[in-house]
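What follows is a set of notes on a single structure, which appears directly below.
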Amino acid sequence: MTALARLLSTSTVRWLIAYCAVFGIAAAGVVGYIYWQTNDLLTRQVVQTLAAEVKGLREQFDLGGVPLLARVVTERSLNAGSGLYLLSSAEGAKLAGNLSGFPSELPGESGGGIFHYARASTAAKATPDREAVGVAIAVPGGYTLVVGRDIVDQRDFAETVRRILLGGLGALAVLGLGGGLVAGRGILARIEGMRGTAESIMSGDLSRRVPVSGSADELDRLAGSLNGMLERIEQLMTGMREVSDNIAHDLRTPLSRLRTRLESALREAKGGGVAREAVAGAIEETDGLIKTFNAMLSLARLEAGAAGTLAVTDLGSLVTDAAELYEPVAEERGVHLTTAITEGVMVEADRQLLGQAVTNLIDNALKYGAGSAIDVAVRRDGVAAEIVVTDHGPGVADGDRERALKRFVRLEASRSESGSGLGLSLVAAVARLHGGTLRLEDNVPGLRVVIALPLGGT
Amino acid sequence: MRVLVIEDDREAAGFLLKALKESGHFAEHASDGEAGLEVAGEARFDVLIIDRMLPRRDGLSVIESLRKQGDRTPVLILSALGEVDDRVKGLRAGSDDYLTKPYSYSELLARIEALTRRGSSSEAVTSYSVGDLVLDRLSHRVTRAGESIVLQPREFRLLEFLMKHAGQVVTRTMLLEHVWDYHFDPQTNVIDVHISRLRAKIDKSFTVPLLHTVRGAGYMISDGAR
């Protein structure tokens, strides 16, 4: 059912259904028109024939009166085919013709219309099951002449035409839809393959390539171009990672030594208070440098999707732990830190990375929330789990929100606080690694930061 | 304490050996994985400090073969990588602790001291006591001089960890790792505030302080000043 629903939701099949509907309406119109035209044409023929007959019979009457008319009617009745005749007297007695009596459906004298009659004129009580078109005309002297044409064959012919047209239309629709669905499924399967590749690449597996069917059709050409592009991206990413790994190695070693030397200098500087203070200060600066440097490296790894192990995690307890870690600091600063946790919200998460992201957000709210109350919440929003950290401080201006997520960007007002400017980029990278997003919203007043993650587990 | 340092960076190793000797420890050095494995097999050490990236034999493989030989000597692994999954890999290979370069010497010292003491104090201990402070691990009760002290669950775990390592320096990172299971550094120093809360509960109304701050290193719980 879901497979069918998915198939029905694809654009190919939607187009196909729309096309079939338009085609069906057009074809039904054509069939209807042909049927109507056929019927109309046949009816007109009948009417013309009747008019000609009536004219001819009237001429006979003009030549030889009722006796000649009766003779002609009798003659014609004998080899009539589909022709129907009746000449009756004023009293209603039949004088000549192959109809057994005046058709009651005809509107008396001098009128035309459709009537039913029984074919076997000899059998007295045959049921009037045949359909015919006829006219009755008054002949001077009180006589009545009926001229008609059997139209059953004509109707049958029209019916056959209609049936053939409808059957053809049905077959066309079934073949069209069926063929379209089969073709659609084939294309859908290939597009699904491309989508799967794109998703695993987005989650960090850069070695994946779009499957190529080998038929060299337009989808294969597209796949070829995409694969070329992916190849190039992978090369660039590998290059970037090599560079950053090399920088990591080349810079961390001297930083490491710098710190060690300063530490041993601090141990050896027995006396002089000023020198000790200076060395201790230098160690602190080095630590800050190392911290920023480590943050850069983790960010690079996160963005390459090369970090983290996801496991089903209770988001509520993860966020409660992070809030609890900061609660004493908040209290010390006179900030009201509250939590509103929806129980049982499970996500696929790396506890360390997501924990770091949440503590980063609480840390930011403490630093830039200007001492306003902070609320940390976990909630379920449709298919997403959300971590929401809000403050009531000055917030971030509309235009700056996008910018605040960029690396090293620190909004002017916040320069005075310590920090690397990597905090929010790290949170965004963690959210992305978990298949989620990071949003900054206006809390009027204050800032509301939302990490939205896909719900996972049960 | 007898320490073996397996580290290929001669300068870093030199500083480390010097610092260890200054702290009153006996330290030996091996500069690659194979040599390290050999030295570790020849003599008994209280702790091994092993760099992860080593020539001839990788640090993780050194630990693995030591463990295979039945050598249970505590191992602290040093690494320049320092991502969480690297730490997990290190612990899985059989190391007991993990430290990312660049590290501070006081951090390293605190950690190897905690590792060596760990061997003697087993998990079966049901209560800790320092001076007149007693922590009962089964009933989760804490008393000082017979007076009951009410602690939050996290404060209890914090005190438990400090008391388990009574007389040893415990760093902020060690507390974050063992009490909160966080292997990252929060941007603000949150541990200090947790400590001062705990201190207010266990030390405030008593004349002899038990919970001490060790400048530039961390904290230590002990009776009497050290």
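Here, A, B, ... name the chains of the structure tokens in the order displayed, residue numbers run from 1 inside each chain, and ligands are numbered from 1 in the same displayed order.
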
Just want the 12 Å neighbourhood of segment 109-118 of chain B, counted on only C-alpha atoms, with same-chain residues fewer than 5 positions away dropped. Output as a count of residues only.
59

Per residue of chain B within 8 Å of chain A, what are the shortest atom pair and its distance in Å to one decimal, counting only C-alpha atoms, with rows by chain and residue number, as JSON lines?
{"residue": "B:Glu11", "atom": "CA", "partner": "A:Arg257", "partner_atom": "CA", "distance": 7.7}
{"residue": "B:Ala12", "atom": "CA", "partner": "A:Arg257", "partner_atom": "CA", "distance": 6.4}
{"residue": "B:Phe15", "atom": "CA", "partner": "A:Thr260", "partner_atom": "CA", "distance": 6.9}
{"residue": "B:Ala19", "atom": "CA", "partner": "A:Ser264", "partner_atom": "CA", "distance": 7.2}
{"residue": "B:Ala80", "atom": "CA", "partner": "A:His249", "partner_atom": "CA", "distance": 7.2}
{"residue": "B:Glu83", "atom": "CA", "partner": "A:Ser298", "partner_atom": "CA", "distance": 7.3}
{"residue": "B:Val84", "atom": "CA", "partner": "A:Gly308", "partner_atom": "CA", "distance": 7.2}
{"residue": "B:Asp85", "atom": "CA", "partner": "A:Gly308", "partner_atom": "CA", "distance": 6.6}
{"residue": "B:Lys101", "atom": "CA", "partner": "A:Ser256", "partner_atom": "CA", "distance": 6.4}
{"residue": "B:Pro102", "atom": "CA", "partner": "A:Ser256", "partner_atom": "CA", "distance": 4.3}
{"residue": "B:Tyr103", "atom": "CA", "partner": "A:Ser256", "partner_atom": "CA", "distance": 7.1}
{"residue": "B:Ser104", "atom": "CA", "partner": "A:Thr260", "partner_atom": "CA", "distance": 7.2}
{"residue": "B:Tyr105", "atom": "CA", "partner": "A:Thr260", "partner_atom": "CA", "distance": 7.2}
{"residue": "B:Trp180", "atom": "CA", "partner": "A:Asp321", "partner_atom": "CA", "distance": 7.8}
{"residue": "B:Tyr182", "atom": "CA", "partner": "A:Gln352", "partner_atom": "CA", "distance": 6.2}
{"residue": "B:His183", "atom": "CA", "partner": "A:Gln352", "partner_atom": "CA", "distance": 6.5}
{"residue": "B:Phe184", "atom": "CA", "partner": "A:Gln356", "partner_atom": "CA", "distance": 6.9}
{"residue": "B:Pro186", "atom": "CA", "partner": "A:Thr359", "partner_atom": "CA", "distance": 6.7}
{"residue": "B:Gln187", "atom": "CA", "partner": "A:Asp363", "partner_atom": "CA", "distance": 7.0}
{"residue": "B:Thr188", "atom": "CA", "partner": "A:Asp363", "partner_atom": "CA", "distance": 6.9}
{"residue": "B:Val190", "atom": "CA", "partner": "A:Val329", "partner_atom": "CA", "distance": 6.2}
{"residue": "B:Val193", "atom": "CA", "partner": "A:Val329", "partner_atom": "CA", "distance": 6.0}
{"residue": "B:His194", "atom": "CA", "partner": "A:Pro328", "partner_atom": "CA", "distance": 6.3}
{"residue": "B:Arg197", "atom": "CA", "partner": "A:Pro328", "partner_atom": "CA", "distance": 7.8}

Looking only at strand (DSSP E or B) from DSSP on the backbone, list the matching residues of segment 100-180 of chain B as number ranges by chain.
B: 100, 127-130, 133-136, 141-144, 147-149, 170-171

Would you save the residues of that selection, restricted to N, CA and C atoms, as an mmCIF file, in the first residue's frame?
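That gives us out_10.cif:
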data_model
loop_
_atom_site.group_PDB
_atom_site.id
_atom_site.type_symbol
_atom_site.label_atom_id
_atom_site.label_comp_id
_atom_site.auth_asym_id
_atom_site.auth_seq_id
_atom_site.Cartn_x
_atom_site.Cartn_y
_atom_site.Cartn_z
ATOM 1 N N THR B 100 44.363 13.713 25.497
ATOM 2 C CA THR B 100 44.635 14.309 24.198
ATOM 3 C C THR B 100 45.791 15.291 24.290
ATOM 4 N N SER B 127 31.751 1.692 51.579
ATOM 5 C CA SER B 127 31.702 3.052 52.112
ATOM 6 C C SER B 127 33.097 3.672 52.100
ATOM 7 N N TYR B 128 33.110 4.981 51.989
ATOM 8 C CA TYR B 128 34.374 5.722 52.042
ATOM 9 C C TYR B 128 34.324 6.623 53.256
ATOM 10 N N SER B 129 35.504 6.840 53.852
ATOM 11 C CA SER B 129 35.513 7.849 54.907
ATOM 12 C C SER B 129 36.809 8.640 54.849
ATOM 13 N N VAL B 130 36.664 9.928 55.050
ATOM 14 C CA VAL B 130 37.808 10.839 55.114
ATOM 15 C C VAL B 130 37.583 11.669 56.371
ATOM 16 N N LEU B 133 34.105 12.455 57.834
ATOM 17 C CA LEU B 133 33.114 12.408 56.753
ATOM 18 C C LEU B 133 32.977 10.971 56.264
ATOM 19 N N VAL B 134 31.716 10.469 56.234
ATOM 20 C CA VAL B 134 31.479 9.089 55.820
ATOM 21 C C VAL B 134 30.433 9.051 54.714
ATOM 22 N N LEU B 135 30.760 8.323 53.655
ATOM 23 C CA LEU B 135 29.802 8.159 52.560
ATOM 24 C C LEU B 135 29.472 6.682 52.436
ATOM 25 N N ASP B 136 28.194 6.361 52.584
ATOM 26 C CA ASP B 136 27.750 4.976 52.459
ATOM 27 C C ASP B 136 27.214 4.767 51.047
ATOM 28 N N ARG B 141 23.844 7.447 51.942
ATOM 29 C CA ARG B 141 23.803 8.420 53.029
ATOM 30 C C ARG B 141 25.185 9.002 53.269
ATOM 31 N N VAL B 142 25.201 10.295 53.562
ATOM 32 C CA VAL B 142 26.461 10.960 53.866
ATOM 33 C C VAL B 142 26.335 11.601 55.243
ATOM 34 N N THR B 143 27.341 11.349 56.104
ATOM 35 C CA THR B 143 27.320 11.984 57.427
ATOM 36 C C THR B 143 28.665 12.614 57.711
ATOM 37 N N ARG B 144 28.649 13.691 58.444
ATOM 38 C CA ARG B 144 29.912 14.241 58.938
ATOM 39 C C ARG B 144 29.769 14.451 60.440
ATOM 40 N N GLU B 147 26.503 13.827 61.803
ATOM 41 C CA GLU B 147 25.380 14.629 61.320
ATOM 42 C C GLU B 147 25.083 14.257 59.877
ATOM 43 N N SER B 148 23.808 14.063 59.583
ATOM 44 C CA SER B 148 23.432 13.678 58.222
ATOM 45 C C SER B 148 23.500 14.889 57.287
ATOM 46 N N ILE B 149 24.033 14.654 56.085
ATOM 47 C CA ILE B 149 24.125 15.719 55.083
ATOM 48 C C ILE B 149 23.283 15.315 53.883
ATOM 49 N N VAL B 170 42.244 15.479 41.814
ATOM 50 C CA VAL B 170 41.267 15.122 40.787
ATOM 51 C C VAL B 170 41.035 16.367 39.936
ATOM 52 N N THR B 171 41.239 16.244 38.621
ATOM 53 C CA THR B 171 41.101 17.432 37.768
ATOM 54 C C THR B 171 39.651 17.645 37.362
#
